[in-house]
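Text of coords-v4.txt, listed as compact mmCIF, C-alpha atoms and all ligand atoms:
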# COMPACT_ATOMS: atom_id res chain seq x y z
CA MET A 1 5.78 -17.89 -16.13
CA SER A 2 2.59 -16.69 -14.49
CA ASP A 3 -0.15 -18.84 -16.00
CA THR A 4 1.72 -21.95 -15.10
CA TYR A 5 3.03 -20.33 -11.93
CA PHE A 6 -0.35 -19.43 -10.42
CA SER A 7 -2.00 -22.65 -11.58
CA GLN A 8 0.88 -24.69 -10.13
CA TYR A 9 1.41 -22.91 -6.78
CA PRO A 10 0.19 -23.60 -4.28
CA ASN A 11 -1.01 -27.15 -5.02
CA ASP A 12 -4.23 -28.49 -3.46
CA GLU A 13 -2.42 -29.28 -0.20
CA GLY A 14 -1.08 -25.74 0.00
CA PHE A 15 2.49 -26.52 -1.03
CA PHE A 16 4.60 -23.96 -2.86
CA GLY A 17 7.07 -26.50 -4.19
CA ASP A 18 8.87 -27.88 -1.13
CA PHE A 19 7.43 -25.21 1.16
CA GLY A 20 4.12 -24.42 2.83
CA GLY A 21 1.56 -27.13 3.59
CA ALA A 22 -0.36 -27.48 6.85
CA PHE A 23 1.57 -29.05 9.75
CA ILE A 24 -1.16 -28.80 12.35
CA PRO A 25 -2.69 -30.92 15.14
CA PRO A 26 -5.24 -33.44 13.78
CA GLU A 27 -8.11 -31.82 15.71
CA LEU A 28 -7.50 -28.58 13.82
CA GLN A 29 -7.47 -30.17 10.38
CA PRO A 30 -11.23 -30.15 9.74
CA HIS A 31 -11.38 -26.47 10.73
CA MET A 32 -8.56 -25.49 8.35
CA GLU A 33 -10.08 -27.54 5.55
CA LYS A 34 -13.41 -25.80 6.07
CA ILE A 35 -11.75 -22.37 5.99
CA ALA A 36 -9.92 -23.31 2.78
CA ALA A 37 -13.04 -24.70 1.10
CA GLU A 38 -15.20 -21.74 2.13
CA TYR A 39 -12.54 -19.27 1.01
CA MET A 40 -12.24 -20.94 -2.41
CA ARG A 41 -16.01 -20.91 -2.78
CA VAL A 42 -17.09 -17.50 -1.47
CA SER A 43 -14.15 -15.36 -2.58
CA CYS A 44 -15.21 -15.82 -6.21
CA THR A 45 -18.86 -14.92 -5.64
CA PRO A 46 -20.14 -11.52 -6.84
CA GLU A 47 -21.49 -10.70 -3.33
CA PHE A 48 -18.11 -11.21 -1.64
CA ILE A 49 -16.22 -9.31 -4.33
CA GLU A 50 -18.74 -6.47 -4.26
CA GLU A 51 -18.61 -6.09 -0.48
CA LEU A 52 -14.81 -6.14 -0.41
CA THR A 53 -14.63 -3.63 -3.26
CA TYR A 54 -17.04 -1.34 -1.40
CA ILE A 55 -14.98 -1.61 1.81
CA ARG A 56 -11.73 -0.85 0.02
CA LYS A 57 -13.10 2.25 -1.62
CA HIS A 58 -15.36 3.71 1.06
CA PHE A 59 -13.74 2.56 4.31
CA GLN A 60 -10.04 2.06 3.57
CA GLY A 61 -9.65 4.97 1.14
CA ARG A 62 -8.32 2.95 -1.78
CA PRO A 63 -6.81 3.22 -4.26
CA THR A 64 -3.72 4.59 -2.52
CA PRO A 65 -1.62 6.81 -4.82
CA ILE A 66 1.83 6.34 -6.31
CA HIS A 67 4.29 9.14 -5.55
CA PHE A 68 7.27 9.96 -7.76
CA ALA A 69 10.11 10.62 -5.30
CA ARG A 70 11.60 13.48 -7.36
CA ASN A 71 13.98 14.83 -4.76
CA ILE A 72 15.60 11.55 -3.77
CA SER A 73 15.82 10.48 -7.41
CA ALA A 74 17.55 13.77 -8.31
CA ASP A 75 19.90 13.49 -5.29
CA ILE A 76 21.00 10.04 -6.43
CA GLY A 77 21.09 10.89 -10.13
CA GLY A 78 20.28 7.31 -11.11
CA ALA A 79 17.01 5.41 -11.53
CA ASP A 80 13.69 7.19 -10.91
CA ILE A 81 12.15 6.05 -7.63
CA TYR A 82 8.38 5.69 -7.14
CA LEU A 83 6.50 4.84 -3.94
CA LYS A 84 3.23 2.93 -3.67
CA ARG A 85 1.67 4.73 -0.72
CA GLU A 86 0.31 1.97 1.52
CA ASP A 87 1.09 4.34 4.40
CA LEU A 88 -2.08 6.15 3.28
CA ASN A 89 -4.25 3.04 3.58
CA HIS A 90 -6.59 3.38 6.61
CA THR A 91 -4.71 2.51 9.85
CA GLY A 92 -1.41 3.43 8.20
CA ALA A 93 -0.17 0.22 6.61
CA HIS A 94 -0.98 -2.45 4.06
CA LYS A 95 -2.23 -4.87 6.73
CA LEU A 96 -5.85 -3.70 6.65
CA ASN A 97 -6.06 -5.13 3.11
CA HIS A 98 -5.92 -8.70 4.36
CA CYS A 99 -7.64 -8.02 7.70
CA MET A 100 -10.81 -6.74 6.03
CA GLY A 101 -10.72 -9.77 3.74
CA GLU A 102 -10.20 -12.21 6.61
CA ALA A 103 -12.91 -10.58 8.71
CA LEU A 104 -15.33 -10.67 5.77
CA LEU A 105 -14.58 -14.36 5.38
CA ALA A 106 -15.14 -14.81 9.14
CA LYS A 107 -18.57 -13.26 8.69
CA TYR A 108 -19.39 -15.76 5.94
CA LEU A 109 -18.14 -18.59 8.20
CA GLY A 110 -20.37 -17.40 11.06
CA LYS A 111 -17.42 -16.75 13.40
CA LYS A 112 -17.93 -14.49 16.41
CA LYS A 113 -14.39 -13.66 17.36
CA LEU A 114 -11.10 -12.75 15.69
CA ILE A 115 -7.78 -13.64 17.31
CA ALA A 116 -4.29 -12.71 16.19
CA GLU A 117 -0.73 -12.00 17.15
CA THR A 118 0.98 -8.69 16.52
CA GLY A 119 4.60 -7.51 16.39
CA ALA A 120 4.78 -3.77 15.84
CA GLY A 121 1.08 -3.58 16.63
CA GLN A 122 0.10 -2.82 13.04
CA HIS A 123 -1.66 -6.13 12.47
CA GLY A 124 -3.37 -5.84 15.85
CA VAL A 125 -4.65 -2.36 15.05
CA ALA A 126 -5.76 -3.43 11.57
CA LEU A 127 -7.59 -6.50 12.88
CA ALA A 128 -9.18 -4.58 15.77
CA THR A 129 -10.40 -2.10 13.15
CA ALA A 130 -11.87 -4.89 11.03
CA ALA A 131 -13.51 -6.43 14.12
CA ALA A 132 -15.10 -3.09 15.02
CA TYR A 133 -16.37 -2.67 11.45
CA PHE A 134 -18.02 -6.11 11.45
CA GLY A 135 -19.10 -6.02 15.11
CA MET A 136 -16.97 -8.99 16.19
CA ASP A 137 -14.95 -9.65 19.35
CA CYS A 138 -11.21 -9.29 19.00
CA GLU A 139 -8.26 -10.58 21.05
CA ILE A 140 -4.69 -9.57 20.20
CA HIS A 141 -1.60 -11.31 21.62
CA MET A 142 1.53 -9.17 21.85
CA GLY A 143 5.01 -9.69 23.33
CA GLU A 144 5.80 -7.50 26.33
CA VAL A 145 8.92 -6.15 24.61
CA ASP A 146 6.79 -4.93 21.72
CA ILE A 147 4.12 -3.57 24.07
CA ASP A 148 6.76 -1.27 25.58
CA LYS A 149 8.18 -0.27 22.21
CA GLU A 150 4.88 0.31 20.41
CA HIS A 151 2.77 1.95 23.08
CA PRO A 152 0.56 4.09 20.76
CA ASN A 153 -0.63 1.00 18.90
CA VAL A 154 -1.54 -0.70 22.19
CA VAL A 155 -3.68 2.33 23.04
CA ARG A 156 -5.30 2.23 19.58
CA MET A 157 -6.20 -1.47 19.88
CA LYS A 158 -7.86 -0.87 23.25
CA LEU A 159 -9.77 2.15 21.94
CA LEU A 160 -10.99 0.01 19.05
CA GLY A 161 -12.46 -2.40 21.58
CA ALA A 162 -9.91 -5.22 21.38
CA THR A 163 -8.47 -7.13 24.33
CA VAL A 164 -4.66 -6.99 24.33
CA VAL A 165 -3.05 -10.09 25.88
CA PRO A 166 0.57 -9.48 26.99
CA VAL A 167 2.94 -12.39 26.24
CA SER A 168 5.58 -12.82 28.91
CA PHE A 169 7.46 -16.00 27.94
CA GLY A 170 10.58 -16.55 25.80
CA ALA A 171 11.96 -13.51 24.01
CA ARG A 172 8.55 -11.80 24.48
CA THR A 173 8.33 -10.71 20.84
CA LEU A 174 6.50 -11.80 17.68
CA LYS A 175 7.24 -15.53 17.67
CA GLU A 176 5.94 -16.00 21.22
CA ALA A 177 2.92 -13.85 20.40
CA VAL A 178 2.06 -16.31 17.60
CA ASP A 179 2.48 -19.28 19.98
CA SER A 180 0.21 -17.61 22.54
CA ALA A 181 -2.49 -16.63 20.02
CA PHE A 182 -2.44 -20.13 18.57
CA MET A 183 -3.04 -21.68 22.00
CA ALA A 184 -6.00 -19.36 22.60
CA TYR A 185 -7.43 -20.21 19.17
CA MET A 186 -7.16 -23.96 19.85
CA LYS A 187 -9.64 -23.60 22.72
CA ASP A 188 -12.57 -22.76 20.41
CA PRO A 189 -11.75 -23.06 16.69
CA GLU A 190 -15.46 -23.41 15.90
CA ASN A 191 -16.32 -19.83 16.85
CA ILE A 192 -12.95 -18.11 16.36
CA LEU A 193 -11.00 -17.21 13.26
CA TYR A 194 -7.27 -16.91 13.79
CA ALA A 195 -6.63 -14.07 11.37
CA ILE A 196 -2.96 -14.55 10.55
CA GLY A 197 -1.05 -11.33 9.97
CA SER A 198 1.02 -12.22 6.93
CA VAL A 199 1.51 -14.80 4.16
CA VAL A 200 2.53 -17.35 6.80
CA GLY A 201 0.92 -20.15 8.80
CA PRO A 202 -0.80 -23.29 7.52
CA HIS A 203 -2.69 -23.50 4.21
CA PRO A 204 -4.89 -21.65 3.19
CA PHE A 205 -3.50 -18.51 4.90
CA PRO A 206 -0.44 -17.87 2.68
CA LEU A 207 -2.69 -18.12 -0.39
CA MET A 208 -5.56 -16.11 1.09
CA VAL A 209 -3.47 -13.29 2.48
CA ARG A 210 -1.52 -13.02 -0.80
CA ASN A 211 -4.73 -12.76 -2.79
CA PHE A 212 -6.21 -10.13 -0.44
CA GLN A 213 -2.97 -8.11 -0.73
CA ARG A 214 -2.87 -8.37 -4.50
CA VAL A 215 -5.01 -5.23 -4.66
CA VAL A 216 -1.75 -3.32 -3.99
CA GLY A 217 -0.03 -4.76 -7.06
CA ASP A 218 -3.05 -4.51 -9.33
CA GLU A 219 -3.52 -0.84 -8.49
CA ALA A 220 0.19 -0.09 -8.72
CA ARG A 221 0.60 -1.73 -12.12
CA GLU A 222 -2.17 0.38 -13.62
CA GLN A 223 -1.12 3.60 -11.87
CA PHE A 224 2.53 3.20 -12.83
CA ASN A 225 1.57 2.67 -16.44
CA GLU A 226 -0.65 5.74 -16.34
CA LEU A 227 2.17 7.85 -14.87
CA THR A 228 5.04 6.67 -17.05
CA GLY A 229 3.54 4.81 -20.01
CA GLY A 230 5.17 1.53 -19.05
CA LEU A 231 6.17 -0.85 -16.30
CA PRO A 232 8.92 -0.37 -13.70
CA ASN A 233 12.29 -2.04 -14.30
CA HIS A 234 12.61 -2.93 -10.62
CA VAL A 235 10.02 -3.66 -7.93
CA ILE A 236 11.09 -3.68 -4.28
CA ALA A 237 9.40 -4.56 -0.98
CA CYS A 238 10.55 -5.35 2.53
CA VAL A 239 9.98 -8.92 3.70
CA GLY A 240 8.99 -9.86 7.24
CA GLY A 241 6.41 -12.60 6.75
CA GLY A 242 6.18 -11.22 3.24
CA SER A 243 2.58 -10.07 2.69
CA ASN A 244 3.21 -6.56 1.37
CA ALA A 245 5.87 -8.00 -0.94
CA MET A 246 3.62 -10.80 -2.27
CA GLY A 247 0.79 -8.33 -2.81
CA LEU A 248 2.96 -6.15 -5.03
CA PHE A 249 4.97 -8.94 -6.69
CA SER A 250 1.90 -10.98 -7.71
CA SER A 251 0.82 -8.45 -10.32
CA PHE A 252 4.28 -8.42 -11.96
CA MET A 253 5.02 -12.14 -11.84
CA ASP A 254 4.02 -12.42 -15.48
CA ASP A 255 6.40 -9.68 -16.65
CA PRO A 256 9.84 -11.25 -17.14
CA ASP A 257 11.42 -7.81 -17.71
CA VAL A 258 10.38 -6.59 -14.27
CA ALA A 259 13.01 -7.56 -11.67
CA LEU A 260 11.58 -8.31 -8.22
CA TYR A 261 13.51 -7.81 -4.97
CA GLY A 262 12.57 -8.76 -1.41
CA VAL A 263 14.54 -6.95 1.29
CA GLU A 264 15.18 -8.80 4.55
CA PRO A 265 16.25 -7.23 7.85
CA MET A 266 20.00 -7.73 8.48
CA GLY A 267 19.75 -6.08 11.93
CA THR A 268 23.16 -5.28 13.40
CA SER A 269 25.06 -8.20 11.83
CA SER A 270 24.73 -11.61 10.18
CA LYS A 271 25.36 -13.37 13.53
CA LEU A 272 22.58 -15.53 15.02
CA GLY A 273 20.27 -13.36 17.12
CA GLN A 274 21.26 -10.08 15.48
CA ASN A 275 19.05 -10.16 12.35
CA ALA A 276 15.90 -11.76 10.94
CA ALA A 277 17.05 -12.56 7.40
CA SER A 278 15.35 -15.96 7.06
CA ILE A 279 15.99 -16.56 3.37
CA SER A 280 19.51 -15.14 3.28
CA LEU A 281 20.70 -16.91 6.44
CA GLY A 282 18.14 -19.62 7.30
CA GLU A 283 17.60 -23.24 6.33
CA PRO A 284 14.49 -25.31 5.63
CA GLY A 285 12.37 -26.07 8.68
CA VAL A 286 8.85 -26.06 10.13
CA ILE A 287 7.38 -23.23 12.20
CA HIS A 288 3.79 -22.34 13.15
CA GLY A 289 2.26 -25.01 10.95
CA PHE A 290 4.17 -24.57 7.67
CA LYS A 291 7.50 -25.42 6.07
CA THR A 292 9.77 -22.56 5.06
CA MET A 293 13.24 -21.05 5.33
CA LEU A 294 13.90 -20.61 9.00
CA ILE A 295 16.52 -19.12 11.26
CA LYS A 296 17.49 -21.90 13.66
CA ASP A 297 19.42 -22.08 16.89
CA ALA A 298 22.04 -24.77 17.71
CA GLU A 299 19.24 -27.24 18.62
CA GLY A 300 17.47 -26.73 15.29
CA GLU A 301 14.58 -24.83 16.92
CA PRO A 302 13.40 -21.43 15.63
CA GLY A 303 16.29 -19.16 16.61
CA PRO A 304 16.46 -15.71 18.22
CA VAL A 305 15.97 -12.80 15.82
CA ASN A 306 16.34 -9.06 16.01
CA SER A 307 15.47 -6.06 13.88
CA ILE A 308 15.00 -2.37 14.49
CA ALA A 309 11.61 -2.93 12.83
CA SER A 310 9.33 -5.01 15.09
CA GLY A 311 7.17 -5.96 12.12
CA LEU A 312 10.10 -7.76 10.46
CA ASP A 313 11.23 -9.54 13.61
CA TYR A 314 10.25 -13.14 12.75
CA PRO A 315 12.49 -16.23 12.32
CA GLY A 316 10.43 -17.63 9.40
CA VAL A 317 9.10 -16.21 6.15
CA GLY A 318 6.11 -16.91 3.91
CA PRO A 319 6.54 -20.24 2.08
CA GLU A 320 5.94 -18.62 -1.31
CA HIS A 321 9.03 -16.46 -0.80
CA ALA A 322 11.08 -19.58 -0.07
CA LEU A 323 9.87 -20.97 -3.41
CA LEU A 324 10.40 -17.74 -5.38
CA ASN A 325 13.96 -17.63 -4.06
CA GLN A 326 14.52 -21.20 -5.19
CA LEU A 327 13.00 -20.46 -8.62
CA GLY A 328 15.14 -17.31 -8.91
CA ARG A 329 12.07 -15.19 -9.80
CA VAL A 330 12.66 -12.89 -6.83
CA THR A 331 16.10 -11.76 -5.64
CA TYR A 332 16.41 -11.56 -1.85
CA GLU A 333 18.62 -8.76 -0.57
CA SER A 334 18.96 -7.22 2.86
CA ALA A 335 19.31 -3.90 4.66
CA THR A 336 20.84 -3.36 8.09
CA ASP A 337 19.28 -1.40 10.97
CA GLU A 338 21.71 1.43 10.27
CA GLU A 339 20.96 1.63 6.54
CA SER A 340 17.22 1.54 7.23
CA LEU A 341 17.46 4.26 9.83
CA GLU A 342 19.38 6.43 7.36
CA ALA A 343 16.66 5.82 4.75
CA PHE A 344 14.01 6.72 7.37
CA TYR A 345 15.62 10.14 7.87
CA VAL A 346 16.28 10.73 4.16
CA LEU A 347 12.70 9.97 3.09
CA SER A 348 11.32 12.17 5.88
CA ARG A 349 13.51 15.14 5.05
CA ARG A 350 13.67 14.93 1.27
CA GLU A 351 10.17 13.73 0.37
CA GLY A 352 8.03 14.76 3.33
CA ILE A 353 7.05 11.18 4.05
CA ILE A 354 7.94 9.55 7.38
CA PRO A 355 8.05 5.81 6.62
CA ALA A 356 7.62 2.85 8.93
CA LEU A 357 11.01 1.37 9.88
CA GLU A 358 9.90 -1.80 8.06
CA SER A 359 9.31 0.09 4.81
CA ALA A 360 12.58 1.98 5.30
CA HIS A 361 14.38 -1.33 4.62
CA ALA A 362 12.96 -1.34 1.08
CA VAL A 363 13.88 2.32 0.63
CA ALA A 364 17.44 1.65 1.84
CA PHE A 365 17.97 -1.04 -0.76
CA ALA A 366 16.33 1.07 -3.48
CA ILE A 367 18.76 3.92 -2.80
CA LYS A 368 21.67 1.50 -3.35
CA LEU A 369 20.12 -0.05 -6.46
CA ALA A 370 19.26 3.30 -8.07
CA LYS A 371 22.89 4.39 -8.36
CA GLY A 372 24.27 4.35 -11.91
CA ARG A 373 20.89 3.36 -13.41
CA LYS A 374 19.79 6.57 -15.13
CA GLY A 375 16.81 5.97 -17.41
CA GLU A 376 15.55 3.02 -15.34
CA SER A 377 12.73 3.06 -12.80
CA ILE A 378 12.13 1.54 -9.37
CA LEU A 379 8.76 0.97 -7.69
CA ILE A 380 8.84 0.51 -3.90
CA ASN A 381 6.01 -0.70 -1.71
CA LEU A 382 5.97 1.91 1.04
CA SER A 383 4.16 -0.54 3.29
CA GLY A 384 3.40 1.81 6.19
CA ARG A 385 3.80 5.17 7.90
CA GLY A 386 6.33 5.90 10.64
CA ASP A 387 4.11 7.44 13.30
CA LYS A 388 4.37 4.32 15.46
CA ASP A 389 8.20 4.55 15.35
CA LEU A 390 8.67 8.28 16.07
CA ASP A 391 9.21 8.13 19.81
CA PHE A 392 11.51 5.12 19.61
CA VAL A 393 13.65 6.60 16.83
CA VAL A 394 13.96 10.09 18.25
CA ASP A 395 14.55 8.94 21.84
CA THR A 396 17.22 6.46 20.71
CA TYR A 397 18.89 8.17 17.75
CA GLY A 398 17.77 11.82 17.76
CA TYR A 399 16.90 13.69 14.59
CA GLY A 400 19.49 12.08 12.34
C1 LIG B 501 3.88 -5.79 9.44
C2 LIG B 501 4.57 -4.85 8.55
C3 LIG B 501 5.50 -5.31 7.60
C4 LIG B 501 5.94 -6.72 7.50
O1 LIG B 501 4.94 -7.62 7.12
P1 LIG B 501 4.94 -8.33 5.72
O2 LIG B 501 3.96 -9.42 5.88
O3 LIG B 501 6.34 -8.81 5.44
O4 LIG B 501 4.52 -7.32 4.73
C5 LIG B 501 6.04 -4.38 6.74
N1 LIG B 501 5.72 -3.07 6.82
C6 LIG B 501 4.84 -2.60 7.72
C7 LIG B 501 4.54 -1.16 7.75
C8 LIG B 501 4.24 -3.47 8.61
O5 LIG B 501 3.37 -2.99 9.50

So that I can check it, write out the structure of this file as structure tokens.
Amino acid sequence: MSDTYFSQYPNDEGFFGDFGGAFIPPELQPHMEKIAAEYMRVSCTPEFIEELTYIRKHFQGRPTPIHFARNISADIGGADIYLKREDLNHTGAHKLNHCMGEALLAKYLGKKKLIAETGAGQHGVALATAAAYFGMDCEIHMGEVDIDKEHPNVVRMKLLGATVVPVSFGARTLKEAVDSAFMAYMKDPENILYAIGSVVGPHPFPLMVRNFQRVVGDEAREQFNELTGGLPNHVIACVGGGSNAMGLFSSFMDDPDVALYGVEPMGTSSKLGQNAASISLGEPGVIHGFKTMLIKDAEGEPGPVNSIASGLDYPGVGPEHALLNQLGRVTYESATDEESLEAFYVLSRREGIIPALESAHAVAFAIKLAKGRKGESILINLSGRGDKDLDFVVDTYGYG
């Protein structure tokens, strides 16, 4: 599948089948085309590859390890569960992988400032870190609801020298933060790079972010083989915009015997406004400059969403996921807030790893899938650590 897959998708206009593309104002088009052309050109040069490789090893602390979750696997008595430890990547999540790549590209493009939105604050922290490393200005837009919920990350961004812009309109979460960051970017696209936080947005971002995240899958494939002498039967990742999932999936796309699963947030129910399961419950539509599966309200506009995990709280999803669902290469499942919370406690207590609530969605589904599958193996992308969620979880739900 893969040779044809990767040469076919995305096409030159950035379409993954019916999805993706660049639905942007005409004045932005030359800027996006320049970013795409420069990315295609420089990302293959030895200098770019060498600098990114150096950064990953000496600044980010890569490769991150794979951990065999012995205790949980024994408790379940089914498939063996392994975790790719992106929680140990510098700044505590997978997001720095694409932020360092985007910032490096910004340097090549001669940009002076990085702008982005953030939900849980992880992308904001990662981008502020990248901006500090490269000596660039950084402006992060964040919904007021998330600012209250994710206070430690707001403090981190400010310490790292970024300006945090509170977003006070609409639902005051991730979608509005994107709208706000986009408006700020439009004022000076010549000198600013809008460093999108996932495999979303107009072409070339879904392609670029996927390729920067692929380091996760390439490492994991080799490490898993070294540990077990083979490939996993099942590969699982949570899906918000879908960058940690695409990073891991990309390296297994070519292996038809490896089943891939994306786990969407089912919140408190499948009713509109109580989840953010865009593929499971959405329909085709356009948001933030690209076509994808979208949760819509009665008027057909991007609808209200909710998840216990701020980083998954987005009405759209990366266009490549919409395609992979259509092709049947990836199976999209979901986990509720309650199941994810349970997985959060279980992983903490039984493995000594406190996961991000986002990552706990993948763990929750893995625990279900593992049952009755003795002799099989599951690889999970543990996309981030739970430090940012501690106060919220313990204040709201106690110690489990
Ligand atoms: C942001 C975030 C996610 C969701 O983003 P994707 O692009 O879907 O990967 C998942 N896990 C963690 C820890 C995050 O910070």

Show me which residues sit within 7 Å of ligand LIG 501 (chain B) when counting all atoms listed in the file, and put them as a short mmCIF file (atom, residue, chain, number, x, y, z; two decimals) with C-alpha atoms, in the coordinates of the input.
data_model
loop_
_atom_site.label_atom_id
_atom_site.label_comp_id
_atom_site.auth_asym_id
_atom_site.auth_seq_id
_atom_site.Cartn_x
_atom_site.Cartn_y
_atom_site.Cartn_z
CA ALA A 93 -0.17 0.22 6.61
CA HIS A 94 -0.98 -2.45 4.06
CA LYS A 95 -2.23 -4.87 6.73
CA ALA A 120 4.78 -3.77 15.84
CA GLN A 122 0.10 -2.82 13.04
CA HIS A 123 -1.66 -6.13 12.47
CA GLY A 197 -1.05 -11.33 9.97
CA SER A 198 1.02 -12.22 6.93
CA VAL A 199 1.51 -14.80 4.16
CA CYS A 238 10.55 -5.35 2.53
CA VAL A 239 9.98 -8.92 3.70
CA GLY A 240 8.99 -9.86 7.24
CA GLY A 241 6.41 -12.60 6.75
CA GLY A 242 6.18 -11.22 3.24
CA SER A 243 2.58 -10.07 2.69
CA ASN A 244 3.21 -6.56 1.37
CA ALA A 245 5.87 -8.00 -0.94
CA GLY A 311 7.17 -5.96 12.12
CA LEU A 312 10.10 -7.76 10.46
CA ALA A 356 7.62 2.85 8.93
CA GLU A 358 9.90 -1.80 8.06
CA SER A 359 9.31 0.09 4.81
CA SER A 383 4.16 -0.54 3.29
CA GLY A 384 3.40 1.81 6.19
CA ARG A 385 3.80 5.17 7.90
#

>> Please list, as a ChimeraX atom specification, the residues that have an atom at most 12 Å away from (-18.0, -18.5, 16.5) in the coordinates of this file, counting all atoms listed in the file.
In response: /A:31,106-115,136-138,185,187-194

> atom CA of A:Ile196 to atom CA of A:Arg210: how many Å, to one decimal?
Replying inline: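 That distance, rounded to one decimal, is 11.5 Å.
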
>> Just to confirm, what's the straight-line distance from atom CA of A:Met40 to atom CA of A:Arg214 in Å (one decimal)?
In response: 15.8 Å

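Minimum atom-to-atom distance to A:Thr129, evaluated using only C-alpha atoms, belongs to A:Leu96 out of A:Leu369, A:Val145, A:Leu382, A:Leu96.
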
>> I'd like the contact shell of A:Gly17 - 8 Å cut-off, all atoms listed in the file, skipping same-chain residues fewer than 4 positions apart - returned as number ranges by chain.
In response: A: 9-10, 323

>> Given all atoms listed in the file as the basis, pick out the residue of A:Val209, A:Leu260, A:Val216, A:Ile380 nearest to A:His98.
In response: A:Val209

>> Restricting the calculation to all atoms listed in the file: of A:Ala237, A:Leu324, A:Ala162, A:Ile72, which residue gets closest to A:Glu351?
In response: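 Selected residue with least distance to A:Glu351: A:Ile72.
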
>> Calculated over all atoms listed in the file, which of the candidates A:Thr292, A:Gln213, A:Ser168, A:Asn233 has the smallest distance to A:Gly20?
In response: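 Ranking A:Thr292, A:Gln213, A:Ser168, A:Asn233 by distance to A:Gly20, first place goes to A:Thr292.
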
>> For a test of reading the model, state the distance in Å between atom CA of A:Ile49 and atom CA of A:Asn89, rounded to one decimal.
In response: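 Here the two named atoms are 18.9 Å from each other.
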
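Distances from A:Pro355, A:Pro202, A:Gly262, A:Pro315 to A:Phe16 were compared using only C-alpha atoms, and the smallest one belongs to A:Pro202.
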
Set the distance at 10 Å and use all atoms listed in the file: which residues neighbour A:Asn381 once local chain neighbours fewer than 5 positions away are removed? I'd like the list as a PDB file with C-alpha atoms, in the frame of the given file.
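Just written: out_29.pdb:
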ATOM      1  CA  ILE A  66       1.830   6.340  -6.310  1.00  0.00           C
ATOM      2  CA  TYR A  82       8.380   5.690  -7.140  1.00  0.00           C
ATOM      3  CA  LEU A  83       6.500   4.840  -3.940  1.00  0.00           C
ATOM      4  CA  LYS A  84       3.230   2.930  -3.670  1.00  0.00           C
ATOM      5  CA  ARG A  85       1.670   4.730  -0.720  1.00  0.00           C
ATOM      6  CA  GLU A  86       0.310   1.970   1.520  1.00  0.00           C
ATOM      7  CA  ASP A  87       1.090   4.340   4.400  1.00  0.00           C
ATOM      8  CA  HIS A  94      -0.980  -2.450   4.060  1.00  0.00           C
ATOM      9  CA  VAL A 216      -1.750  -3.320  -3.990  1.00  0.00           C
ATOM     10  CA  GLY A 217      -0.030  -4.760  -7.060  1.00  0.00           C
ATOM     11  CA  ALA A 220       0.190  -0.090  -8.720  1.00  0.00           C
ATOM     12  CA  VAL A 235      10.020  -3.660  -7.930  1.00  0.00           C
ATOM     13  CA  ILE A 236      11.090  -3.680  -4.280  1.00  0.00           C
ATOM     14  CA  ALA A 237       9.400  -4.560  -0.980  1.00  0.00           C
ATOM     15  CA  CYS A 238      10.550  -5.350   2.530  1.00  0.00           C
ATOM     16  CA  ASN A 244       3.210  -6.560   1.370  1.00  0.00           C
ATOM     17  CA  ALA A 245       5.870  -8.000  -0.940  1.00  0.00           C
ATOM     18  CA  GLY A 247       0.790  -8.330  -2.810  1.00  0.00           C
ATOM     19  CA  LEU A 248       2.960  -6.150  -5.030  1.00  0.00           C
ATOM     20  CA  PHE A 249       4.970  -8.940  -6.690  1.00  0.00           C
ATOM     21  CA  SER A 359       9.310   0.090   4.810  1.00  0.00           C
ATOM     22  CA  ALA A 360      12.580   1.980   5.300  1.00  0.00           C
ATOM     23  CA  ALA A 362      12.960  -1.340   1.080  1.00  0.00           C
ATOM     24  CA  VAL A 363      13.880   2.320   0.630  1.00  0.00           C
TER      25      VAL A 363
END

>> Given all atoms listed in the file as the basis, pick out the residue of A:Tyr261, A:Phe290, A:Phe23, A:Phe134 nearest to A:Asn325.
In response: A:Tyr261

How big is the axis-aligned box around all listed atoms of stretch 265-278 of chain A once 3 Å goes on each side, and where's its centre, in Å to one decimal, as AutoDock Vina command-line options?
--center_x 20.4 --center_y -10.6 --center_z 12.1 --size_x 16.0 --size_y 16.7 --size_z 16.1
